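Here the structure is laid out as structure tokens; the discussion comes afterwards.
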2 protein chains.
Amino acid sequence: MSTPTRRDAVKNRAGILDAATAAIGHDPRASIDTIARRAGLSRRALYGHFDDRDAIIREVIAAGAARFNAIADGIDDADSRVALARLASELWREAAHVQAAAALALDDAHLPETSAALAPLRRRIDAIVRRGQDAGELRTDLPAPTLARLLEETGRTVVARVDAGSSTARSIAVCAVLGIAGLSWTEARALLEQHPDLEAQ
Amino acid sequence: MSTPTRRDAVKNRAGILDAATAAIGHDPRASIDTIARRAGLSRRALYGHFDDRDAIIREVIAAGAARFNAIADGIDDADSRVALARLASELWREAAHVQAAAALALDDAHLPETSAALAPLRRRIDAIVRRGQDAGELRTDLPAPTLARLLEETGRTVVARVDAGSSTARSIAVCAVLGIAGLSWTEARALLEQHPDLEAQ
DNA sequence: AATAAGTTGCACACGGGCGTGCACTTTCGG
DNA sequence: CCGAAAGTGCACGCCCGTGTGCAACTTATT
């Protein structure tokens, strides 16, 4: 368990985590058996890789946290509206992990861990909102914490509930976030045209 | 079971449904025991009023459907933006039922029933969106069904996740819906000022 | 080919929620 | 006040998910 020697073992372990991420994103109470089957293994085999169901979930959360940290750190646009749009666009790429983290954050008793994992993302959103309100780029009728929370909830909902397969899904998500941020739909569309990289794959 | 004779029995029955609505809104998998305790009864007593856990849920859904129908029927504003805002505002009054229906629609295998219960509401939203796009009042960058769905999801999220106790919570919900609909935050605020009844209790 | 790592299937015990039966107590209503 | 309706507490069996032990099997690695 400390030093996996065989190659297929580490591959299976990764497969379990992928399966768990997908399954939990769909239903946070997905059973061990469901995860195992999705990974192409037997229920019993999971216990050779993880002590516990909790251990799997902890790793899923940790994996998501790492990716979210990287994304949050990579946002450096001067315009807060572009920063928000980019955040949504980048997170779209990690839809599976976002869905898993969101589902766990909603449902489970894993609140403390998930909120810790999402903390850097939240700090980033807070900072962007504060800066954007000061610059008059974002709506000022809501206090910054309220707006930040609203953006987070909306973003999560869209990522979790809009069909990720659609080709325009990403821009729908970005537009929804910008709409909550206070932009009219024409302003949001103009912003997207000025920054075509936001819609790139 | 067909003709409840005692007065306290019908009161308890109503209490069970209230408790179930609240409990399910918070967690769609709330146990019979949780609901019973919240209603001030023993688990065993519930089975004197309802055959099944499903029977309780069915009644919760039916109660919500009745209220939603009434609200949907009462919206007759010519301006689609006002209609959407009023819909959100009215639904806010039924937050408990909205939360329960939303939780059940998300989580459970009660999809068919809940979607049937929400159907009139959805038809209403569809009609408002279609009319609003034709009139140039709502965003036209998204197809009507997509926008309708986005509005529904956003509204549900806000109702379910924003603290209903706050005095400004209702206007937050309305503004969020209008933002998704394509209005800028200043337009949304102006609309709210022109229609003070939207914020009334 | 041989060894160890990995997997499988079965068995078990445990916990929790559900639905029911039954004897007993409380409380309403005429 | 009395009888019936309603509620309580306990028991049981059921199903499902979890975590573990164990023997047998398959597969990677050298």
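Quick note on naming: the chains in the structure tokens go A, B, ... in the order shown, residues restart at 1 in each chain, and ligands are numbered from 1 in order of appearance.
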
Taking 2 positions as the minimum chain separation for residues in the same chain, which residues sit within 7 Å of stretch 152-156 of chain B when counting only C-alpha atoms (C1' of nucleotides)? Answer as a ChimeraX atom specification. /A:154 /B:102,148-150,158-160,173,177

Write out as a PyMOL selection string each polymer residue whose atoms come within 12 Å of stretch 41-54 of chain B, counting only C-alpha atoms (C1' of nucleotides); drop sequence neighbours fewer than 3 positions from it. (chain B and resi 1-4+9-17+19-20+24+28-38+57-61+104+108-110+113) or (chain C and resi 17-21) or (chain D and resi 5-10)

Provide as a ChimeraX atom specification the residues of chain B at most 6 Å from chain A, counting only C-alpha atoms. /B:176,179-180,182-185

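With distances restricted to only C-alpha atoms (C1' of nucleotides), D:DA24 is the closest residue to C:DT8 from D:DT30, D:DA24, D:DA11, D:DG3.
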
Per residue of chain A within 8 Å of chain D, record the nearest atom pair and its distance in Å to one decimal, counting only C-alpha atoms (C1' of nucleotides), with rows in chain order and ascending residue number, as CSV.
```
residue,atom,partner,partner_atom,distance
A:Arg6,CA,D:DA28,C1',6.6
A:Arg7,CA,D:DA28,C1',7.8
A:Asp8,CA,D:DA28,C1',7.9
A:Ser31,CA,D:DG17,C1',7.2
```

Write the residues of the preceding selection, restricted to C-alpha atoms, as a PDB file, in the first residue's frame.
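Output file again-v4.pdb follows:
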```
ATOM      1  CA  ARG A   6       3.180  -3.463 -10.371  1.00  0.00           C
ATOM      2  CA  ARG A   7       2.380  -1.145 -13.260  1.00  0.00           C
ATOM      3  CA  ASP A   8      -1.186  -2.266 -13.704  1.00  0.00           C
ATOM      4  CA  SER A  31     -21.641   3.097  -3.549  1.00  0.00           C
TER       5      SER A  31
END
```

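Checking C:DC28, C:DA5, C:DA23, C:DC12 one by one against chain A, counting only C-alpha atoms (C1' of nucleotides), you find the shortest gap at C:DA5.
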
Residues of chain C within 12 Å of chain A, counting only C-alpha atoms (C1' of nucleotides) - could you list those as a ChimeraX atom specification? /C:4-10
